[in-house]
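*Asks:* I am attaching a structure below and will ask some questions about it afterwards.
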Amino acid sequence: MTHRSPGSRTLKVDTLTRVEGEGGLAIQIDGDAVTGAQLHIYEPPRFFEAFLRGRSYTEPPDITARICGICPVAYQMSACLAIEDACGVVVDGPLHDLRKLLYAGEWIESHALHVYLLHLPDFLGYPSAIELAQDHRAIVEQGLQLKKTGNKIIEFLAGRAIHPVNVRVGGFYRVPERTELATLAPDLEHALELALATVRLVGNLDIPDFGHDHPYVALRRSDEYAVLGGRLVSTTGLDVPIADFSRHFSEEQVEWSTALHAHLLGGDHYLVGPLARFALNADRLAPQAQAIAREVGLDAPCRNPFRSIVVRAVEIVHAIEEAQAVLDRYERPDTPHVPVEPRAAIGHGATEAPRGTLYHRYELAADGTILDAVIIPPTAQNQATIEHDVFAYAASRSRLSDDELTAQCEQLVRSYDPCISCAAHFLDVRIDRINQQGDMT
Amino acid sequence: MSPNHPPPNGLPAVIVIGSVFRHDDGVGPHCRPLIEAELRKRSLCAEVIELDGEPTRLLESWANRPLAVVVDAVRTGAPPGTVHVVAVGGSDWLGELAPSGTTASSHALGITEAYALGSALGRLPDRLVLAGVEGLDFTEGVGISQEVCHALPTLVERVADLIGTALGSARATPKATGTITIRTTGAA
């Protein structure tokens with residue numbers, strides 16, 4: 001067993017292997033009683049932590065961008081913030097704005113993909129987006145158009161949508177002229193209409209009745225709906241700087257998963273992601289996002305994970321409004337990046353990836369060599385909570401047939417948009433039923 | 001700064017997929033420079049694109065083209081290093097020939113599903129071909145296996161042949177274009 005706690009850390013990366021692409025969920029039912037639920041996932045970032053040791057402090061934005069094809073910007077931004085923190089640098093002004101714009105592109109792209117292609121088919125009774133597209137082509141086209149707008153922002157600012165190349169510690173390699181940035185305005189205007197229509201679409205879905213009361217954790221800033229940095233806050237009163245992450249959260253390995261389970265110190269599982277952000281920061285949403293949330297009756301806190309599809313749609317509206325605001329006030333900075341000189345130090349950074357808080361920690365030598373790296377992605381933090389919710393949800397529906405129960409539990413897991421290899425649509429659910437004689441049936 | 005350029009209609013595409021951090025899964029990105037060099041050597045004009053396998057990006061990359069060749073690692077049970085060249089959706093398409101890259105990247109639905117989605121949305125190339133190499137090692141780490149490495153010359157030749165054939169057909173039509181370049185998009 002691997003356990004990580006303040007002051008001690010034992011992580012055998014070599015053992016964190018997996019069979020490719022397998023995300024699974026196992027549920028044990030004894031009679032009508034659910035006795036267990038385990039989510040089996042793989043976490044690639046563990047491999048990258050070892051990979052980063054010995055590399056230069058300038059390299060994490062490019063290396064960690066390879067962790068995920070859907071949210072590379074999140075990895076780049078958390079890496080930049082952590083290294084800049086170690087080096088005593090704060091990036092603000094237009095460079096911070098450009099980072100917000102880039103991140104907005106990733107939220108739009110990632111959320112649109114999840115809402116339309118991965119989650120919506122569940123609510124409309126289709127096995128996948130393919131069948132949905134056959135019957136409702138316009139709906140899927142709407143989602144693809146939104147996603148394309150997100151892609152376009154990323155390609156525009158970062159050079160390409162996957163594994164972006166224009167991001168560096170301290171800022172960017174090149175920043176656009178104001179007139180260049182303005183070319184995104186028509187796309188954003190159209191995307192805002194689509195995003196508002198998306199909220200109205202998903203706001204009227206028939207949502208399964210389910211609730212939970214886990215602690216929610218997210219970043220919070222005084223000046224905006226937190227994405228880049230802030231303080232770690234929770235619905236249970238936590239309010240600490242990011243640098244205190246390891247004082248309040250710990251990770252441990254469970255035998256059924258190569259991903260480490262994160263907990264609040266003391267043992268409580270918790271949730272990060274759209275539901276947590278909305279619960280803790282709804283007052284910081286952009287005006288139209290707040291208005292459309294009210295229109296569809298979405299109040300904070302939202303405690304039904306199935307309704308996360310509505311929160312994601314509201315966050316798309318917010319991201320577009322944020323992007324438009326950046327375009328409005330942007331003035332090209334004198335330099336595309338601020339100087340960041342290495343020093344022997346430890347730095348912490350956290351940002352709000354589409355799926356939740358993404359924490360990075362780097363220990364640097366005086367020459368900038370990375371001595372140690374810690375990356376804690378949102379899905380690892382949510383893993384225990386997902387298992388608890390599956391357990392509770394299945395417990396109240398254990399009399400359903402295996403097929404029905406499987407389908408409903410899959411839909412629940414998809415609510416968290418877990419970043420598992422293919423998990424969202426290839427989740428392999430195994431239900432083990434034990435009869436009164438104690439035999440497997 | 002990347003300009004907003006839609007895929008140039010009429011230009012074939014070679015789409016390489018895979019993760020270079022998963023040994024043989026990275027055969028697509030690994031052979032990209034070899035494909036580019038071969039196309040250049042033969043003076044063939046095509047766009048070479050590196051993707052992660054996410055289906056909507058596939059749709060955007062291959063829509064409205066006369067030919068798209070997807071290069072990826074596959075696992076079918078054939079001997080490692082075997083090169084499979086099959087028309088996706090055609091009579092020789094094997095449903096079980098699922099590119100491994102589709103299971104190595106997050107949220108990817110796979111080329112079969114991307115094809116089906118593209119079909120439902122009318123976003124397919126005129127012809128879609130999978131050029132797959134049977135992989136041996138899909139664990140974490142960089143570098144491809146010797147078996148896959150030995151297959152690269154065959155793979156590259158087959159891909160260039162496909163592009164050459166498509167351009168040959170195109171040149172016989174009024175839509176033919178004359179510039180001989182290789183457009184590259186995506187990861188280097």
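Quick note on naming: the chains in the structure tokens go A, B, ... in the order shown, residues restart at 1 in each chain, and ligands are numbered from 1 in order of appearance.
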Could you list, as a tab-separated table (two decimals) with all heavy atoms, in the first residue's frame, every residue within 8 Å of segment 379-396 of chain A, counting only C-alpha atoms and ignoring same-chain residues fewer than 2 positions away?
*Replies:*
```
chain	number	residue	atom	x	y	z
A	27	ILE	N	-19.79	-3.80	-8.46
A	27	ILE	CA	-20.78	-3.62	-7.39
A	27	ILE	C	-21.12	-4.99	-6.83
A	27	ILE	O	-21.43	-5.91	-7.60
A	27	ILE	CB	-22.07	-2.95	-7.93
A	27	ILE	CG1	-21.74	-1.61	-8.58
A	27	ILE	CG2	-23.10	-2.77	-6.82
A	27	ILE	CD1	-22.90	-1.02	-9.37
A	32	ASP	N	-30.63	-8.30	-1.27
A	32	ASP	CA	-31.03	-6.99	-1.77
A	32	ASP	C	-30.11	-5.89	-1.24
A	32	ASP	O	-30.34	-4.70	-1.48
A	32	ASP	CB	-32.47	-6.67	-1.36
A	32	ASP	CG	-33.47	-7.50	-2.14
A	32	ASP	OD1	-33.13	-7.92	-3.26
A	32	ASP	OD2	-34.58	-7.73	-1.62
A	33	ALA	N	-29.10	-6.28	-0.51
A	33	ALA	CA	-28.23	-5.28	0.10
A	33	ALA	C	-26.95	-5.11	-0.71
A	33	ALA	O	-26.25	-6.08	-1.00
A	33	ALA	CB	-27.87	-5.69	1.53
A	34	VAL	N	-26.67	-3.88	-1.06
A	34	VAL	CA	-25.41	-3.60	-1.73
A	34	VAL	C	-24.31	-3.61	-0.68
A	34	VAL	O	-24.40	-2.92	0.34
A	34	VAL	CB	-25.46	-2.24	-2.45
A	34	VAL	CG1	-24.10	-1.88	-3.03
A	34	VAL	CG2	-26.51	-2.27	-3.56
A	35	THR	N	-23.28	-4.39	-0.91
A	35	THR	CA	-22.21	-4.52	0.08
A	35	THR	C	-20.90	-3.88	-0.35
A	35	THR	O	-19.99	-3.75	0.46
A	35	THR	CB	-21.95	-6.00	0.39
A	35	THR	OG1	-21.60	-6.67	-0.83
A	35	THR	CG2	-23.19	-6.65	1.00
A	36	GLY	N	-20.83	-3.48	-1.60
A	36	GLY	CA	-19.58	-2.86	-2.02
A	36	GLY	C	-19.70	-2.26	-3.41
A	36	GLY	O	-20.52	-2.69	-4.22
A	37	ALA	N	-18.88	-1.24	-3.66
A	37	ALA	CA	-18.79	-0.65	-5.00
A	37	ALA	C	-17.37	-0.12	-5.16
A	37	ALA	O	-16.87	0.59	-4.30
A	37	ALA	CB	-19.81	0.48	-5.15
A	38	GLN	N	-16.74	-0.55	-6.24
A	38	GLN	CA	-15.37	-0.10	-6.48
A	38	GLN	C	-15.23	0.41	-7.91
A	38	GLN	O	-15.68	-0.23	-8.85
A	38	GLN	CB	-14.35	-1.24	-6.27
A	38	GLN	CG	-14.34	-1.87	-4.91
A	38	GLN	CD	-15.34	-3.00	-4.80
A	38	GLN	OE1	-15.58	-3.71	-5.78
A	38	GLN	NE2	-15.94	-3.17	-3.63
A	39	LEU	N	-14.61	1.55	-8.00
A	39	LEU	CA	-14.31	2.11	-9.31
A	39	LEU	C	-12.85	1.80	-9.63
A	39	LEU	O	-11.96	2.15	-8.87
A	39	LEU	CB	-14.53	3.63	-9.28
A	39	LEU	CG	-14.31	4.39	-10.58
A	39	LEU	CD1	-15.37	4.00	-11.62
A	39	LEU	CD2	-14.35	5.89	-10.32
A	43	GLU	N	-4.52	6.24	-13.53
A	43	GLU	CA	-4.19	7.66	-13.50
A	43	GLU	C	-2.84	7.93	-14.15
A	43	GLU	O	-1.80	7.78	-13.52
A	43	GLU	CB	-4.16	8.15	-12.05
A	43	GLU	CG	-5.53	8.45	-11.49
A	43	GLU	CD	-6.16	9.64	-12.17
A	43	GLU	OE1	-5.42	10.51	-12.65
A	43	GLU	OE2	-7.38	9.69	-12.25
A	210	PHE	N	-31.82	12.07	-6.92
A	210	PHE	CA	-30.73	11.53	-6.10
A	210	PHE	C	-29.98	12.71	-5.49
A	210	PHE	O	-29.88	13.77	-6.11
A	210	PHE	CB	-29.78	10.68	-6.96
A	210	PHE	CG	-28.62	10.10	-6.19
A	210	PHE	CD1	-28.83	9.17	-5.18
A	210	PHE	CD2	-27.31	10.49	-6.45
A	210	PHE	CE1	-27.77	8.63	-4.46
A	210	PHE	CE2	-26.25	9.95	-5.75
A	210	PHE	CZ	-26.47	9.02	-4.76
A	212	HIS	N	-26.65	13.88	-2.55
A	212	HIS	CA	-25.58	13.49	-1.62
A	212	HIS	C	-25.20	14.70	-0.78
A	212	HIS	O	-25.61	15.83	-1.06
A	212	HIS	CB	-24.37	12.93	-2.38
A	212	HIS	CG	-23.75	13.88	-3.37
A	212	HIS	ND1	-22.99	13.49	-4.43
A	212	HIS	CD2	-23.79	15.24	-3.46
A	212	HIS	CE1	-22.58	14.53	-5.11
A	212	HIS	NE2	-23.04	15.60	-4.55
A	214	HIS	N	-21.75	15.17	0.42
A	214	HIS	CA	-20.30	15.19	0.59
A	214	HIS	C	-19.79	16.64	0.69
A	214	HIS	O	-20.40	17.54	0.13
A	214	HIS	CB	-19.60	14.55	-0.60
A	214	HIS	CG	-20.20	13.25	-1.02
A	214	HIS	ND1	-20.21	12.15	-0.21
A	214	HIS	CD2	-20.80	12.87	-2.17
A	214	HIS	CE1	-20.79	11.15	-0.84
A	214	HIS	NE2	-21.17	11.56	-2.02
A	259	ALA	N	-5.07	4.20	-9.21
A	259	ALA	CA	-5.16	5.62	-8.88
A	259	ALA	C	-5.25	5.79	-7.36
A	259	ALA	O	-5.87	5.00	-6.67
A	259	ALA	CB	-6.40	6.23	-9.53
A	260	LEU	N	-4.58	6.81	-6.87
A	260	LEU	CA	-4.64	7.08	-5.44
A	260	LEU	C	-5.96	7.75	-5.09
A	260	LEU	O	-6.44	8.62	-5.82
A	260	LEU	CB	-3.47	7.99	-5.04
A	260	LEU	CG	-2.07	7.42	-5.32
A	260	LEU	CD1	-1.00	8.45	-4.93
A	260	LEU	CD2	-1.86	6.13	-4.54
A	261	HIS	N	-6.55	7.32	-3.99
A	261	HIS	CA	-7.79	7.94	-3.51
A	261	HIS	C	-7.43	9.13	-2.64
A	261	HIS	O	-6.62	9.01	-1.73
A	261	HIS	CB	-8.58	6.94	-2.66
A	261	HIS	CG	-9.43	6.01	-3.46
A	261	HIS	ND1	-10.58	5.46	-2.96
A	261	HIS	CD2	-9.31	5.56	-4.72
A	261	HIS	CE1	-11.13	4.68	-3.89
A	261	HIS	NE2	-10.37	4.72	-4.95
A	262	ALA	N	-8.04	10.27	-2.91
A	262	ALA	CA	-7.77	11.46	-2.08
A	262	ALA	C	-8.86	11.61	-1.03
A	262	ALA	O	-10.02	11.27	-1.26
A	262	ALA	CB	-7.72	12.70	-2.96
A	263	HIS	N	-8.45	12.08	0.12
A	263	HIS	CA	-9.39	12.31	1.23
A	263	HIS	C	-9.01	13.60	1.94
A	263	HIS	O	-7.85	14.03	1.90
A	263	HIS	CB	-9.33	11.18	2.26
A	263	HIS	CG	-9.76	9.85	1.73
A	263	HIS	ND1	-11.07	9.46	1.68
A	263	HIS	CD2	-9.04	8.84	1.20
A	263	HIS	CE1	-11.15	8.25	1.15
A	263	HIS	NE2	-9.93	7.85	0.86
A	269	HIS	N	-14.23	11.71	2.35
A	269	HIS	CA	-14.09	11.91	0.92
A	269	HIS	C	-14.74	13.24	0.57
A	269	HIS	O	-15.51	13.80	1.36
A	269	HIS	CB	-14.73	10.76	0.14
A	269	HIS	CG	-16.10	10.42	0.61
A	269	HIS	ND1	-16.33	9.56	1.66
A	269	HIS	CD2	-17.31	10.88	0.24
A	269	HIS	CE1	-17.63	9.48	1.88
A	269	HIS	NE2	-18.25	10.27	1.03
A	270	TYR	N	-14.46	13.75	-0.61
A	270	TYR	CA	-15.00	15.06	-0.99
A	270	TYR	C	-15.14	15.11	-2.50
A	270	TYR	O	-14.69	14.21	-3.21
A	270	TYR	CB	-14.08	16.19	-0.48
A	270	TYR	CG	-12.68	16.16	-1.06
A	270	TYR	CD1	-12.33	16.99	-2.13
A	270	TYR	CD2	-11.70	15.30	-0.56
A	270	TYR	CE1	-11.05	16.97	-2.66
A	270	TYR	CE2	-10.42	15.28	-1.09
A	270	TYR	CZ	-10.09	16.10	-2.14
A	270	TYR	OH	-8.83	16.07	-2.67
A	271	LEU	N	-15.76	16.19	-2.98
A	271	LEU	CA	-16.00	16.31	-4.41
A	271	LEU	C	-15.43	17.62	-4.93
A	271	LEU	O	-15.63	18.67	-4.32
A	271	LEU	CB	-17.51	16.27	-4.70
A	271	LEU	CG	-17.90	16.26	-6.18
A	271	LEU	CD1	-17.66	14.89	-6.80
A	271	LEU	CD2	-19.36	16.67	-6.38
A	272	VAL	N	-14.75	17.54	-6.06
A	272	VAL	CA	-14.34	18.74	-6.79
A	272	VAL	C	-15.05	18.73	-8.15
A	272	VAL	O	-15.59	17.71	-8.57
A	272	VAL	CB	-12.80	18.80	-7.00
A	272	VAL	CG1	-12.09	18.88	-5.66
A	272	VAL	CG2	-12.30	17.58	-7.80
A	355	ARG	N	-12.89	19.28	-14.91
A	355	ARG	CA	-13.40	18.28	-13.98
A	355	ARG	C	-13.15	18.60	-12.52
A	355	ARG	O	-13.55	17.83	-11.65
A	355	ARG	CB	-12.78	16.92	-14.32
A	355	ARG	CG	-13.35	16.33	-15.55
A	355	ARG	CD	-12.40	15.36	-16.24
A	355	ARG	NE	-12.81	15.28	-17.63
A	355	ARG	CZ	-12.45	16.15	-18.56
A	355	ARG	NH1	-11.63	17.15	-18.26
A	355	ARG	NH2	-12.89	16.04	-19.79
A	356	GLY	N	-12.44	19.70	-12.25
A	356	GLY	CA	-12.22	20.09	-10.87
A	356	GLY	C	-10.80	20.53	-10.59
A	356	GLY	O	-9.97	20.67	-11.50
A	376	ILE	N	-1.93	16.13	-8.59
A	376	ILE	CA	-3.15	15.49	-8.09
A	376	ILE	C	-4.33	15.95	-8.93
A	376	ILE	O	-4.81	17.08	-8.80
A	376	ILE	CB	-3.37	15.80	-6.59
A	376	ILE	CG1	-2.14	15.34	-5.80
A	376	ILE	CG2	-4.64	15.12	-6.09
A	376	ILE	CD1	-2.24	15.56	-4.31
A	377	PRO	N	-4.77	15.09	-9.83
A	377	PRO	CA	-5.84	15.47	-10.76
A	377	PRO	C	-7.21	15.34	-10.12
A	377	PRO	O	-7.38	14.64	-9.11
A	377	PRO	CB	-5.67	14.47	-11.91
A	377	PRO	CG	-5.06	13.28	-11.27
A	377	PRO	CD	-4.25	13.75	-10.09
A	398	SER	N	-31.42	-1.84	-5.72
A	398	SER	CA	-30.79	-3.15	-5.87
A	398	SER	C	-31.73	-4.20	-6.45
A	398	SER	O	-31.29	-5.25	-6.91
A	398	SER	CB	-30.24	-3.63	-4.52
A	398	SER	OG	-31.32	-3.77	-3.61
A	405	LEU	N	-29.81	-1.74	-13.60
A	405	LEU	CA	-28.93	-1.18	-12.57
A	405	LEU	C	-27.60	-0.75	-13.18
A	405	LEU	O	-27.05	0.30	-12.84
A	405	LEU	CB	-28.70	-2.21	-11.45
A	405	LEU	CG	-28.01	-1.71	-10.19
A	405	LEU	CD1	-28.75	-0.52	-9.59
A	405	LEU	CD2	-27.89	-2.81	-9.16
A	409	CYS	N	-26.21	3.06	-13.11
A	409	CYS	CA	-24.95	3.36	-12.42
A	409	CYS	C	-23.92	3.94	-13.39
A	409	CYS	O	-23.13	4.81	-13.02
A	409	CYS	CB	-24.40	2.11	-11.74
A	409	CYS	SG	-25.34	1.64	-10.28
A	412	LEU	N	-24.74	7.50	-13.71
A	412	LEU	CA	-24.30	8.24	-12.53
A	412	LEU	C	-22.81	8.53	-12.61
A	412	LEU	O	-22.36	9.65	-12.35
A	412	LEU	CB	-24.62	7.45	-11.25
A	412	LEU	CG	-24.10	8.06	-9.95
A	412	LEU	CD1	-24.69	9.46	-9.71
A	412	LEU	CD2	-24.42	7.16	-8.76
A	413	VAL	N	-22.02	7.51	-12.96
A	413	VAL	CA	-20.57	7.71	-13.04
A	413	VAL	C	-20.24	8.77	-14.09
A	413	VAL	O	-19.36	9.61	-13.90
A	413	VAL	CB	-19.85	6.38	-13.33
A	413	VAL	CG1	-18.37	6.62	-13.61
A	413	VAL	CG2	-20.00	5.43	-12.15
A	416	TYR	N	-19.91	12.59	-13.29
A	416	TYR	CA	-18.70	13.20	-12.75
A	416	TYR	C	-17.67	13.47	-13.84
A	416	TYR	O	-16.60	13.97	-13.56
A	416	TYR	CB	-18.09	12.31	-11.66
A	416	TYR	CG	-19.08	11.95	-10.58
A	416	TYR	CD1	-19.85	10.80	-10.66
A	416	TYR	CD2	-19.27	12.81	-9.50
A	416	TYR	CE1	-20.79	10.50	-9.70
A	416	TYR	CE2	-20.21	12.51	-8.53
A	416	TYR	CZ	-20.97	11.35	-8.64
A	416	TYR	OH	-21.90	11.06	-7.69
A	418	PRO	N	-15.57	11.56	-15.34
A	418	PRO	CA	-14.25	11.09	-14.90
A	418	PRO	C	-13.28	10.99	-16.07
A	418	PRO	O	-13.66	10.60	-17.17
A	418	PRO	CB	-14.54	9.71	-14.31
A	418	PRO	CG	-15.78	9.26	-14.98
A	418	PRO	CD	-16.59	10.50	-15.25
A	419	CYS	N	-12.07	11.40	-15.82
A	419	CYS	CA	-11.07	11.39	-16.88
A	419	CYS	C	-10.34	10.05	-16.85
A	419	CYS	O	-9.18	9.96	-16.49
A	419	CYS	CB	-10.09	12.55	-16.69
A	419	CYS	SG	-9.13	12.88	-18.15
A	420	ILE	N	-11.03	9.03	-17.20
A	420	ILE	CA	-10.46	7.70	-17.28
A	420	ILE	C	-10.32	7.40	-18.76
A	420	ILE	O	-11.11	7.89	-19.56
A	420	ILE	CB	-11.40	6.65	-16.67
A	420	ILE	CG1	-11.88	7.11	-15.30
A	420	ILE	CG2	-10.72	5.29	-16.57
A	420	ILE	CD1	-13.02	6.28	-14.77
```
*Asks:* Among segment 311-364 of chain A, which ones does DSSP assign to alpha helix (DSSP H) (computed from the backbone)? Answer as a ChimeraX atom specification.
*Replies:* /A:311-329
*Asks:* Taking a cut-off of 10 Å and counting only C-alpha atoms, can you build a table that, for each residue of segment 109-140 of chain B near segment 35-56 of chain B, reports the nearest atom pair and how far apart they are in Å (one decimal), sorted by chain then residue number, as a tab-separated table?
*Replies:*
```
residue	atom	partner	partner_atom	distance
B:Leu109	CA	B:Pro55	CA	6.1
B:Gly110	CA	B:Pro55	CA	6.7
B:Ile111	CA	B:Pro55	CA	7.0
B:Thr112	CA	B:Pro55	CA	9.4
B:Glu113	CA	B:Pro55	CA	7.6
B:Ala114	CA	B:Pro55	CA	4.9
B:Tyr115	CA	B:Pro55	CA	8.4
B:Leu117	CA	B:Pro55	CA	8.3
B:Gly118	CA	B:Thr56	CA	8.5
B:Arg123	CA	B:Thr56	CA	9.9
```
*Asks:* Would you write out those residues with all heavy atoms, as a short mmCIF file (atom, residue, chain, number, x, y, z; two decimals), in the first residue's frame?
*Replies:*
```cif
data_model
loop_
_atom_site.label_atom_id
_atom_site.label_comp_id
_atom_site.auth_asym_id
_atom_site.auth_seq_id
_atom_site.Cartn_x
_atom_site.Cartn_y
_atom_site.Cartn_z
N LEU B 109 -13.75 7.83 -28.48
CA LEU B 109 -14.76 6.81 -28.73
C LEU B 109 -14.24 5.76 -29.69
O LEU B 109 -14.79 4.69 -29.79
CB LEU B 109 -16.02 7.45 -29.32
CG LEU B 109 -16.72 8.49 -28.46
CD1 LEU B 109 -17.96 8.99 -29.16
CD2 LEU B 109 -17.08 7.92 -27.11
N GLY B 110 -13.20 6.08 -30.42
CA GLY B 110 -12.66 5.10 -31.36
C GLY B 110 -13.01 5.44 -32.79
O GLY B 110 -13.98 6.14 -33.07
N ILE B 111 -12.21 4.93 -33.69
CA ILE B 111 -12.38 5.28 -35.09
C ILE B 111 -13.69 4.72 -35.64
O ILE B 111 -14.35 5.33 -36.48
CB ILE B 111 -11.17 4.80 -35.92
CG1 ILE B 111 -11.27 5.34 -37.34
CG2 ILE B 111 -11.05 3.30 -35.92
CD1 ILE B 111 -10.03 5.09 -38.17
N THR B 112 -14.10 3.54 -35.14
CA THR B 112 -15.36 2.97 -35.60
C THR B 112 -16.52 3.87 -35.22
O THR B 112 -17.40 4.16 -36.04
CB THR B 112 -15.56 1.57 -34.98
OG1 THR B 112 -14.42 0.78 -35.27
CG2 THR B 112 -16.80 0.91 -35.53
N GLU B 113 -16.50 4.35 -33.97
CA GLU B 113 -17.56 5.23 -33.52
C GLU B 113 -17.47 6.59 -34.21
O GLU B 113 -18.49 7.20 -34.55
CB GLU B 113 -17.50 5.40 -32.00
CG GLU B 113 -17.86 4.16 -31.22
CD GLU B 113 -16.74 3.13 -31.16
OE1 GLU B 113 -15.60 3.47 -31.58
OE2 GLU B 113 -16.99 2.01 -30.71
N ALA B 114 -16.24 7.08 -34.40
CA ALA B 114 -16.09 8.36 -35.10
C ALA B 114 -16.63 8.25 -36.53
O ALA B 114 -17.26 9.18 -37.04
CB ALA B 114 -14.62 8.77 -35.12
N TYR B 115 -16.40 7.11 -37.15
CA TYR B 115 -16.91 6.90 -38.51
C TYR B 115 -18.45 6.91 -38.48
O TYR B 115 -19.10 7.54 -39.33
CB TYR B 115 -16.40 5.57 -39.05
CG TYR B 115 -16.96 5.21 -40.41
CD1 TYR B 115 -16.40 5.76 -41.56
CD2 TYR B 115 -18.05 4.36 -40.54
CE1 TYR B 115 -16.92 5.46 -42.81
CE2 TYR B 115 -18.57 4.06 -41.78
CZ TYR B 115 -18.00 4.60 -42.92
OH TYR B 115 -18.52 4.30 -44.15
N LEU B 117 -20.41 8.28 -36.26
CA LEU B 117 -20.88 9.63 -35.95
C LEU B 117 -20.75 10.54 -37.18
O LEU B 117 -21.66 11.31 -37.51
CB LEU B 117 -20.08 10.21 -34.77
CG LEU B 117 -20.56 11.54 -34.18
CD1 LEU B 117 -21.99 11.44 -33.69
CD2 LEU B 117 -19.64 11.98 -33.05
N GLY B 118 -19.62 10.41 -37.86
CA GLY B 118 -19.42 11.18 -39.09
C GLY B 118 -20.45 10.84 -40.14
O GLY B 118 -20.93 11.71 -40.88
N ARG B 123 -20.26 13.97 -42.14
CA ARG B 123 -18.89 14.50 -42.05
C ARG B 123 -17.88 13.39 -42.26
O ARG B 123 -17.18 12.98 -41.32
CB ARG B 123 -18.67 15.14 -40.68
CG ARG B 123 -19.54 16.34 -40.42
CD ARG B 123 -19.09 17.02 -39.15
NE ARG B 123 -19.99 18.11 -38.80
CZ ARG B 123 -19.67 19.08 -37.95
NH1 ARG B 123 -18.49 19.09 -37.39
NH2 ARG B 123 -20.53 20.03 -37.66
#
```
*Asks:* Using the chain letters and numbers from this document, which residues of segment 210-440 of chain A does DSSP assign to strand (DSSP E or B), as a VMD selection string?
*Replies:* chain A and resid 216 to 220 228 231 to 234 239 to 241 249 to 253 260 to 264 271 337 345 to 353 356 to 364 369 to 376 428 to 434 440
*Asks:* Could you check how far atom CA of Leu121 of chain B sits from atom CA of Val71 of chain B, in Å to one decimal?
*Replies:*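 Computing it gives 22.8 Å between the two atoms.
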*Asks:* Which distance in Å separates atom CA of Val129 of chain B and atom CA of Leu34 of chain B, to one decimal?
*Replies:*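 Spanning atom CA of Val129 of chain B to atom CA of Leu34 of chain B is a straight-line distance of 18.5 Å.
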*Asks:* In Å, how far is it from atom CA of Leu25 of chain A to atom CA of Asn304 of chain A?
*Replies:* 20.2 Å
*Asks:* Closest to chain B among A:Ile83, A:Val91, A:Ile346, A:Leu184, using only C-alpha atoms?
*Replies:*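 Answer, going by the shortest atom-to-atom distance: A:Leu184.
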*Asks:* Name all residues at most 7 Å from Leu124 of chain B (count only C-alpha atoms; drop same-chain ones fewer than 6 positions away) and give them as a count of residues only.
*Replies:* 5
*Asks:* Would you list the contacts of segment 144-152 of chain B as a list in words, taking every protein, DNA or RNA residue within 6 Å and counting only C-alpha atoms, but skipping same-chain residues closer than 3 positions in sequence?
*Replies:* His23, Asp24, Pro80, Gly81, Leu155 and Val156 of chain B
*Asks:* Once you have the residues from the selection above, write them out as a PDB file, in the first residue's frame, restricted to N, CA and C atoms.
*Replies:*
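Result saved to selection_27.pdb:
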```pdb
ATOM      1  N   HIS B  23       4.740   3.310 -25.696  1.00  0.00           N
ATOM      2  CA  HIS B  23       5.490   2.448 -26.610  1.00  0.00           C
ATOM      3  C   HIS B  23       4.806   2.329 -27.971  1.00  0.00           C
ATOM      4  N   ASP B  24       4.365   1.129 -28.342  1.00  0.00           N
ATOM      5  CA  ASP B  24       3.884   0.930 -29.711  1.00  0.00           C
ATOM      6  C   ASP B  24       2.637   1.728 -30.049  1.00  0.00           C
ATOM      7  N   PRO B  80       2.855  -9.242 -34.162  1.00  0.00           N
ATOM      8  CA  PRO B  80       3.291  -7.847 -34.032  1.00  0.00           C
ATOM      9  C   PRO B  80       4.082  -7.408 -35.259  1.00  0.00           C
ATOM     10  N   GLY B  81       3.806  -6.207 -35.702  1.00  0.00           N
ATOM     11  CA  GLY B  81       4.471  -5.680 -36.885  1.00  0.00           C
ATOM     12  C   GLY B  81       3.657  -5.861 -38.162  1.00  0.00           C
ATOM     13  N   LEU B 155       4.778   0.339 -43.848  1.00  0.00           N
ATOM     14  CA  LEU B 155       3.668   1.234 -43.504  1.00  0.00           C
ATOM     15  C   LEU B 155       3.777   2.546 -44.276  1.00  0.00           C
ATOM     16  N   VAL B 156       4.937   3.134 -44.249  1.00  0.00           N
ATOM     17  CA  VAL B 156       5.145   4.428 -44.910  1.00  0.00           C
ATOM     18  C   VAL B 156       4.902   4.307 -46.414  1.00  0.00           C
TER      19      VAL B 156
END
```
*Asks:* With a distance cut-off of 8 Å and only C-alpha atoms, select the neighbouring residues of His248 of chain A, excluding the residue or stretch itself and same-chain residues fewer than 3 positions from it, and output the selection as a list in words.
*Replies:*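 Within the cut-off, the hits are Asp244, Phe245, Leu264 and Leu265 of chain A.
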*Asks:* For the selection you just gave me, I'd like the residues written to a file as a PDB file, in the first residue's frame, keeping N, CA and C atoms.
*Replies:*
```pdb
ATOM      1  N   ASP A 244      -1.162  25.016   1.347  1.00  0.00           N
ATOM      2  CA  ASP A 244      -1.508  24.134   2.472  1.00  0.00           C
ATOM      3  C   ASP A 244      -2.230  22.874   2.017  1.00  0.00           C
ATOM      4  N   PHE A 245      -2.233  22.612   0.737  1.00  0.00           N
ATOM      5  CA  PHE A 245      -2.991  21.464   0.214  1.00  0.00           C
ATOM      6  C   PHE A 245      -2.670  20.183   0.978  1.00  0.00           C
ATOM      7  N   LEU A 264      -9.998  14.190   2.578  1.00  0.00           N
ATOM      8  CA  LEU A 264      -9.669  15.223   3.546  1.00  0.00           C
ATOM      9  C   LEU A 264      -8.962  14.539   4.710  1.00  0.00           C
ATOM     10  N   LEU A 265      -7.993  15.194   5.294  1.00  0.00           N
ATOM     11  CA  LEU A 265      -7.322  14.578   6.445  1.00  0.00           C
ATOM     12  C   LEU A 265      -8.373  14.325   7.513  1.00  0.00           C
TER      13      LEU A 265
END
```
